[in-house]
Every structure is written in C-alpha cells, then in structure tokens.
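Below is query.pdb, holding PDB, C-alpha atoms.
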ATOM      1  CA  MET A  13     -13.941  10.669  -1.986  1.00  0.00           C
ATOM      2  CA  ALA A  14     -13.974   7.039  -3.080  1.00  0.00           C
ATOM      3  CA  PHE A  15     -11.424   5.263  -5.263  1.00  0.00           C
ATOM      4  CA  ILE A  16     -11.079   1.818  -6.800  1.00  0.00           C
ATOM      5  CA  ILE A  17      -7.456   1.317  -7.807  1.00  0.00           C
ATOM      6  CA  PRO A  18      -6.383  -1.918  -9.497  1.00  0.00           C
ATOM      7  CA  HIS A  19      -2.829  -3.154  -9.032  1.00  0.00           C
ATOM      8  CA  PRO A  20      -1.004  -2.472 -12.326  1.00  0.00           C
ATOM      9  CA  VAL A  21       0.666  -5.904 -12.476  1.00  0.00           C
ATOM     10  CA  VAL A  22      -1.117  -8.325 -10.146  1.00  0.00           C
ATOM     11  CA  GLY A  23      -4.658  -8.471 -11.481  1.00  0.00           C
ATOM     12  CA  THR A  24      -6.023 -10.077  -8.338  1.00  0.00           C
ATOM     13  CA  THR A  25      -5.187  -7.152  -6.023  1.00  0.00           C
ATOM     14  CA  ILE A  26      -7.250  -3.960  -5.810  1.00  0.00           C
ATOM     15  CA  VAL A  27      -7.377  -1.060  -3.372  1.00  0.00           C
ATOM     16  CA  LEU A  28     -10.729   0.311  -2.247  1.00  0.00           C
ATOM     17  CA  SER A  29     -10.599   3.725  -0.631  1.00  0.00           C
ATOM     18  CA  PHE A  30     -13.394   5.640   1.040  1.00  0.00           C
ATOM     19  CA  GLY A  31     -13.105   8.446   3.576  1.00  0.00           C
ATOM     20  CA  SER A  32     -10.020   8.015   5.726  1.00  0.00           C
ATOM     21  CA  GLU A  33      -9.732   4.265   5.166  1.00  0.00           C
ATOM     22  CA  PHE A  34      -8.490   2.039   2.400  1.00  0.00           C
ATOM     23  CA  LYS A  35      -8.632  -1.713   2.040  1.00  0.00           C
ATOM     24  CA  VAL A  36      -6.230  -3.837   0.036  1.00  0.00           C
ATOM     25  CA  VAL A  37      -8.150  -6.819  -1.294  1.00  0.00           C
ATOM     26  CA  ASN A  38      -6.465  -9.888  -2.731  1.00  0.00           C
ATOM     27  CA  ARG A  39      -9.274 -11.550  -4.659  1.00  0.00           C
ATOM     28  CA  ALA A  40      -7.319 -14.784  -5.163  1.00  0.00           C
ATOM     29  CA  SER A  41      -6.656 -15.474  -1.459  1.00  0.00           C
ATOM     30  CA  SER A  42      -9.612 -13.470  -0.027  1.00  0.00           C
ATOM     31  CA  GLN A  43      -7.185 -11.583   2.220  1.00  0.00           C
ATOM     32  CA  VAL A  44      -8.096  -8.019   3.219  1.00  0.00           C
ATOM     33  CA  TRP A  45      -5.702  -5.523   4.797  1.00  0.00           C
ATOM     34  CA  THR A  46      -7.110  -2.249   6.182  1.00  0.00           C
ATOM     35  CA  HIS A  47      -5.308   1.039   6.803  1.00  0.00           C
ATOM     36  CA  THR A  48      -6.843   4.142   8.372  1.00  0.00           C
ATOM     37  CA  ALA A  49      -5.338   7.580   7.673  1.00  0.00           C
ATOM     38  CA  SER A  50      -5.618  10.608   9.948  1.00  0.00           C
ATOM     39  CA  GLY A  51      -7.844  12.442   7.427  1.00  0.00           C
ATOM     40  CA  SER A  52      -9.909  11.756   4.322  1.00  0.00           C
ATOM     41  CA  ILE A  53      -7.875  10.315   1.441  1.00  0.00           C
ATOM     42  CA  LEU A  54      -7.865  12.833  -1.417  1.00  0.00           C
ATOM     43  CA  ALA A  55      -5.615  11.063  -3.936  1.00  0.00           C
ATOM     44  CA  ALA A  56      -3.956   7.669  -4.325  1.00  0.00           C
ATOM     45  CA  CYS A  57      -2.026   5.675  -6.926  1.00  0.00           C
ATOM     46  CA  PHE A  58       0.256   2.708  -7.557  1.00  0.00           C
ATOM     47  CA  SER A  59       3.658   2.990  -9.198  1.00  0.00           C
ATOM     48  CA  ALA A  60       4.071   1.357 -12.636  1.00  0.00           C
ATOM     49  CA  THR A  61       5.303  -1.971 -11.221  1.00  0.00           C
ATOM     50  CA  GLY A  62       3.008  -1.849  -8.214  1.00  0.00           C
ATOM     51  CA  ARG A  63       5.922  -1.938  -5.758  1.00  0.00           C
ATOM     52  CA  LEU A  64       4.889   1.418  -4.258  1.00  0.00           C
ATOM     53  CA  PHE A  65       1.470   2.802  -3.352  1.00  0.00           C
ATOM     54  CA  ALA A  66       0.956   6.412  -2.260  1.00  0.00           C
ATOM     55  CA  THR A  67      -1.902   8.313  -0.648  1.00  0.00           C
ATOM     56  CA  CYS A  68      -2.422  11.929   0.397  1.00  0.00           C
ATOM     57  CA  ASN A  69      -5.067  12.910   2.888  1.00  0.00           C
ATOM     58  CA  SER A  70      -6.896  16.045   4.008  1.00  0.00           C
ATOM     59  CA  ASP A  71      -4.383  16.485   6.861  1.00  0.00           C
ATOM     60  CA  LYS A  72      -1.692  17.116   4.212  1.00  0.00           C
ATOM     61  CA  GLN A  73       0.130  13.849   4.852  1.00  0.00           C
ATOM     62  CA  LEU A  74       1.837  11.906   2.064  1.00  0.00           C
ATOM     63  CA  GLN A  75       2.062   8.205   2.858  1.00  0.00           C
ATOM     64  CA  VAL A  76       4.167   5.893   0.701  1.00  0.00           C
ATOM     65  CA  PHE A  77       3.684   2.148   1.152  1.00  0.00           C
ATOM     66  CA  ASP A  78       6.098  -0.542  -0.015  1.00  0.00           C
ATOM     67  CA  THR A  79       3.886  -3.392  -1.192  1.00  0.00           C
ATOM     68  CA  HIS A  80       6.829  -5.822  -1.286  1.00  0.00           C
ATOM     69  CA  ALA A  81       7.694  -5.195   2.379  1.00  0.00           C
ATOM     70  CA  ASP A  82       4.351  -6.034   4.000  1.00  0.00           C
ATOM     71  CA  TRP A  83       2.969  -2.570   3.184  1.00  0.00           C
ATOM     72  CA  SER A  84       5.529  -0.754   5.346  1.00  0.00           C
ATOM     73  CA  CYS A  85       4.760   2.967   5.377  1.00  0.00           C
ATOM     74  CA  SER A  86       6.711   6.226   5.347  1.00  0.00           C
ATOM     75  CA  ASN A  87       5.000   9.531   6.208  1.00  0.00           C
ATOM     76  CA  ARG A  88       5.791  13.140   5.425  1.00  0.00           C
ATOM     77  CA  SER A  89       3.963  16.431   5.418  1.00  0.00           C
ATOM     78  CA  VAL A  90       3.136  18.345   2.247  1.00  0.00           C
ATOM     79  CA  PRO A  91       2.502  22.108   2.097  1.00  0.00           C
ATOM     80  CA  LYS A  92      -0.980  22.117   0.487  1.00  0.00           C
ATOM     81  CA  ARG A  93      -3.984  19.829  -0.040  1.00  0.00           C
ATOM     82  CA  VAL A  94      -3.209  17.427  -2.864  1.00  0.00           C
ATOM     83  CA  THR A  95      -5.420  16.907  -5.934  1.00  0.00           C
ATOM     84  CA  ALA A  96      -3.400  14.194  -7.761  1.00  0.00           C
ATOM     85  CA  ILE A  97      -0.433  11.843  -7.239  1.00  0.00           C
ATOM     86  CA  LYS A  98       1.725  10.211  -9.907  1.00  0.00           C
ATOM     87  CA  PHE A  99       4.931   8.156  -9.782  1.00  0.00           C
ATOM     88  CA  SER A 100       7.766   8.506 -12.273  1.00  0.00           C
ATOM     89  CA  LEU A 101       8.311   5.458 -14.457  1.00  0.00           C
ATOM     90  CA  ASP A 102      11.500   4.506 -12.572  1.00  0.00           C
ATOM     91  CA  GLU A 103       9.647   4.858  -9.218  1.00  0.00           C
ATOM     92  CA  LYS A 104      12.283   7.262  -7.877  1.00  0.00           C
ATOM     93  CA  HIS A 105      10.018  10.317  -7.729  1.00  0.00           C
ATOM     94  CA  ILE A 106       6.467  11.193  -6.745  1.00  0.00           C
ATOM     95  CA  TYR A 107       4.688  14.148  -8.346  1.00  0.00           C
ATOM     96  CA  LEU A 108       1.933  15.904  -6.377  1.00  0.00           C
ATOM     97  CA  SER A 109      -0.441  18.559  -7.720  1.00  0.00           C
ATOM     98  CA  ASP A 110      -2.226  20.761  -5.214  1.00  0.00           C
ATOM     99  CA  LYS A 111      -5.104  23.162  -4.736  1.00  0.00           C
ATOM    100  CA  ALA A 112      -2.747  26.158  -4.884  1.00  0.00           C
ATOM    101  CA  GLY A 113      -1.918  25.340  -8.523  1.00  0.00           C
ATOM    102  CA  ASP A 114       1.552  23.907  -7.954  1.00  0.00           C
ATOM    103  CA  VAL A 115       3.248  20.606  -8.768  1.00  0.00           C
ATOM    104  CA  HIS A 116       5.948  19.371  -6.397  1.00  0.00           C
ATOM    105  CA  LYS A 117       8.406  16.526  -6.967  1.00  0.00           C
ATOM    106  CA  TYR A 118       9.453  14.315  -4.040  1.00  0.00           C
ATOM    107  CA  VAL A 119      11.978  11.499  -3.758  1.00  0.00           C
ATOM    108  CA  ALA A 120       9.905   8.349  -3.268  1.00  0.00           C
ATOM    109  CA  ASP A 121      12.243   6.634  -0.807  1.00  0.00           C
ATOM    110  CA  GLY A 122      13.303   9.730   1.109  1.00  0.00           C
ATOM    111  CA  SER A 123      11.994  12.330   3.468  1.00  0.00           C
ATOM    112  CA  ASP A 124      12.914  15.393   1.402  1.00  0.00           C
ATOM    113  CA  GLU A 125      10.802  18.533   1.464  1.00  0.00           C
ATOM    114  CA  GLY A 126      10.051  18.379  -2.219  1.00  0.00           C
ATOM    115  CA  GLU A 127      10.964  20.559  -5.161  1.00  0.00           C
ATOM    116  CA  LEU A 128       8.545  23.003  -6.778  1.00  0.00           C
ATOM    117  CA  LEU A 129       8.316  22.083 -10.467  1.00  0.00           C
ATOM    118  CA  LEU A 130       5.636  24.320 -11.909  1.00  0.00           C
ATOM    119  CA  GLY A 131       2.701  26.510 -11.005  1.00  0.00           C
ATOM    120  CA  HIS A 132      -0.619  27.630 -12.415  1.00  0.00           C
ATOM    121  CA  VAL A 133      -2.557  30.703 -11.373  1.00  0.00           C
ATOM    122  CA  SER A 134      -5.559  28.624 -10.342  1.00  0.00           C
ATOM    123  CA  MET A 135      -6.199  25.294  -8.623  1.00  0.00           C
ATOM    124  CA  LEU A 136      -4.990  22.140 -10.378  1.00  0.00           C
ATOM    125  CA  LEU A 137      -7.620  19.474 -10.919  1.00  0.00           C
ATOM    126  CA  ASP A 138      -5.536  16.677 -12.410  1.00  0.00           C
ATOM    127  CA  MET A 139      -2.179  15.760 -13.900  1.00  0.00           C
ATOM    128  CA  VAL A 140      -0.612  12.895 -15.824  1.00  0.00           C
ATOM    129  CA  LEU A 141       2.888  11.958 -16.895  1.00  0.00           C
ATOM    130  CA  THR A 142       3.530  10.708 -20.402  1.00  0.00           C
ATOM    131  CA  PRO A 143       4.588   7.038 -20.576  1.00  0.00           C
ATOM    132  CA  ASP A 144       8.196   8.065 -21.331  1.00  0.00           C
ATOM    133  CA  ASP A 145       8.339  10.584 -18.410  1.00  0.00           C
ATOM    134  CA  GLN A 146       9.309  13.381 -20.811  1.00  0.00           C
ATOM    135  CA  PHE A 147       6.209  15.541 -20.241  1.00  0.00           C
ATOM    136  CA  ILE A 148       3.807  16.392 -17.454  1.00  0.00           C
ATOM    137  CA  VAL A 149       0.267  17.408 -18.409  1.00  0.00           C
ATOM    138  CA  THR A 150      -1.691  19.540 -15.926  1.00  0.00           C
ATOM    139  CA  ALA A 151      -5.285  20.848 -15.951  1.00  0.00           C
ATOM    140  CA  ASP A 152      -6.388  23.853 -13.922  1.00  0.00           C
ATOM    141  CA  ARG A 153      -9.748  25.250 -12.883  1.00  0.00           C
ATOM    142  CA  ASP A 154      -9.555  27.971 -15.566  1.00  0.00           C
ATOM    143  CA  GLU A 155     -10.048  25.376 -18.318  1.00  0.00           C
ATOM    144  CA  LYS A 156      -6.395  25.298 -19.366  1.00  0.00           C
ATOM    145  CA  ILE A 157      -4.384  22.159 -20.037  1.00  0.00           C
ATOM    146  CA  ARG A 158      -0.645  22.704 -20.094  1.00  0.00           C
ATOM    147  CA  VAL A 159       2.018  20.322 -21.387  1.00  0.00           C
ATOM    148  CA  SER A 160       5.385  20.949 -19.690  1.00  0.00           C
ATOM    149  CA  CYS A 161       8.747  19.289 -20.302  1.00  0.00           C
ATOM    150  CA  LEU A 162      10.442  17.177 -17.657  1.00  0.00           C
ATOM    151  CA  PRO A 163      12.709  17.549 -15.779  1.00  0.00           C
ATOM    152  CA  ASN A 164      12.657  21.321 -16.533  1.00  0.00           C
ATOM    153  CA  ALA A 165       8.936  22.040 -16.250  1.00  0.00           C
ATOM    154  CA  TYR A 166       9.469  25.752 -16.874  1.00  0.00           C
ATOM    155  CA  ASN A 167       9.831  24.744 -20.544  1.00  0.00           C
ATOM    156  CA  ILE A 168       6.253  24.611 -21.812  1.00  0.00           C
ATOM    157  CA  ALA A 169       5.681  22.355 -24.818  1.00  0.00           C
ATOM    158  CA  GLY A 170       2.114  23.501 -25.450  1.00  0.00           C
ATOM    159  CA  TYR A 171      -1.401  24.265 -24.274  1.00  0.00           C
ATOM    160  CA  CYS A 172      -4.803  22.757 -24.999  1.00  0.00           C
ATOM    161  CA  LEU A 173      -7.220  25.703 -24.938  1.00  0.00           C
ATOM    162  CA  GLY A 174     -10.760  26.454 -26.032  1.00  0.00           C
ATOM    163  CA  HIS A 175     -12.647  24.158 -23.656  1.00  0.00           C
ATOM    164  CA  ARG A 176     -16.156  25.197 -22.792  1.00  0.00           C
ATOM    165  CA  GLU A 177     -16.342  23.099 -19.654  1.00  0.00           C
ATOM    166  CA  LEU A 178     -14.133  22.457 -16.674  1.00  0.00           C
ATOM    167  CA  ASP A 179     -11.424  19.873 -17.469  1.00  0.00           C
ATOM    168  CA  ASN A 180     -12.031  17.518 -14.601  1.00  0.00           C
ATOM    169  CA  THR A 181      -9.833  14.455 -15.203  1.00  0.00           C
ATOM    170  CA  PHE A 182      -7.798  13.018 -18.009  1.00  0.00           C
ATOM    171  CA  ALA A 183      -5.532  10.140 -18.934  1.00  0.00           C
ATOM    172  CA  ILE A 184      -3.057   9.218 -21.617  1.00  0.00           C
ATOM    173  CA  SER A 185      -3.997   6.177 -23.642  1.00  0.00           C
ATOM    174  CA  SER A 186      -1.839   3.137 -22.943  1.00  0.00           C
ATOM    175  CA  TYR A 187      -2.354   1.997 -26.543  1.00  0.00           C
ATOM    176  CA  LEU A 188      -1.640   5.271 -28.320  1.00  0.00           C
ATOM    177  CA  ALA A 189       0.638   7.558 -26.282  1.00  0.00           C
ATOM    178  CA  ALA A 190      -0.249  10.585 -28.430  1.00  0.00           C
ATOM    179  CA  LEU A 191      -3.920  10.335 -27.399  1.00  0.00           C
ATOM    180  CA  LEU A 192      -5.020  12.414 -24.401  1.00  0.00           C
ATOM    181  CA  VAL A 193      -8.490  11.538 -23.114  1.00  0.00           C
ATOM    182  CA  ILE A 194     -10.225  14.408 -21.303  1.00  0.00           C
ATOM    183  CA  THR A 195     -13.411  14.317 -19.217  1.00  0.00           C
ATOM    184  CA  CYS A 196     -15.262  17.515 -18.420  1.00  0.00           C
ATOM    185  CA  ALA A 197     -17.590  18.359 -15.589  1.00  0.00           C
ATOM    186  CA  VAL A 198     -20.792  20.233 -16.305  1.00  0.00           C
ATOM    187  CA  LEU A 199     -21.431  22.740 -13.544  1.00  0.00           C
TER     188      LEU A 199
END
Let me see whether you can do it: turn the structure in this file into structure tokens.
Amino acid sequence: MAFIIPHPVVGTTIVLSFGSEFKVVNRASSQVWTHTASGSILAACFSATGRLFATCNSDKQLQVFDTHADWSCSNRSVPKRVTAIKFSLDEKHIYLSDKAGDVHKYVADGSDEGELLLGHVSMLLDMVLTPDDQFIVTADRDEKIRVSCLPNAYNIAGYCLGHRELDNTFAISSYLAALLVITCAVL
C-alpha cells in the first residue's frame, strides 16, 4: 500500500510510504531520511502539530516517531492488523482500528497494552476523530458508519445507514466540521 502524507504544519515536509519503507522528504533542503519496517506499512499518520508520526505494519508493530527528536522511534506490538491510525488532538493518545472490527486506544508516549474502546461485528475500513475529539466515526465492511462518543465509546451518538456501496474511506471537512465526506468502493 502506498501513502503520501503531508506534514500538517511544515508544508515543505512530506512522507512517502510504499511497501515496508517510508521516506521523509524535506523539499526545502532536499534532505531525505529513509526508514524500513519489518513488514508492509498498512497505515500511517501525523499528529495535529506534526510532532509525532505513527505507522503500523503487517507484522502488527506500532511505531511512533518523534519528529522533534531526530525521528527517534518507540515500538510496541498490537493484537490485530491495523486498518487506520489517528492521534487525539492533544497528542496524548493514538487510536487504532483493526481488521477484527475493534478500536483500541494507546498512550502515545508509553508502552501500554492499549484499551479496547469499541467493536463492530465486521472488519473496520476507516475511522476519523472529530476536530474537537468528542466523537469517533468508524466504517465497517457491512456498509455501516457509526458515530460514537469519546471517551466512552459505548455511547453511540448515531449511525449513517442506507449505503449501497462499501464505505471505503472518509474524512471530516476542516472547513465545516459537521460535513463528513465519504468515498465508496465499487466491487
């Protein structure tokens, strides 16, 4: 899987990921830093300020990089293959959705084993956090989008049902927080 991930603050830095390798490219200085993971990178994202960058690979390893400390890395194992990664707004927590239909919350700076937040019956394809970190929106393979409250994700705020296609990826508009943009895959 290939990703192009722009740095959220520094417009001259992007991350290019393909297979088990990612490259951090600083377009202003032409510097390139390469990191190779033990397995194919399945998901990756920056935190809101860009201080942290996280990846999960096919070997079920979560790697968190501190971009302000020369990309120092911390590793930990996760129970299932990850489909999406998101940071909380305050950068204290990392949310991981997986192929088993669960979302786990991890402490970003720690080595905790994670806390199960919510579960679906089928595989999760994507998730997003609202800009105020009050809700987590998850999409599963059964064409259901669920909006759950944070930090108590067992409180469900609502569903988006009636899709005729698989809800593949989605994002919340940065201009209008009430707007959820959904893309569907045609199988």
Translate the PyMOL selection byres ((chain A and resi 85-102) around 8) into a concrete residue list for this structure, as a ChimeraX atom specification.
/A:54-60,66-78,83-84,103-112,123,125,136-141,143-145
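A straight line drawn from atom CA of Phe34 of chain A to atom CA of Thr48 of chain A is 6.5 Å long.
As for atom CA of Leu64 of chain A and atom CA of Ala81 of chain A, they are spaced 9.8 Å apart.
Taking atom CA of Ser52 of chain A as the reference point, atom CA of Val21 of chain A is found at 26.6 Å.
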Please write the residues picked by the PyMOL selection byres ((chain A and resi 168) around 12) on this file as a ChimeraX atom specification.
/A:129-131,146-150,157-167,169-172
Apply the PyMOL selection byres ((chain A and resi 18) around 10) to the structure shown and report the selected residues as a PyMOL selection string.
chain A and resi 15-17+19-28+36-37+57-58+62
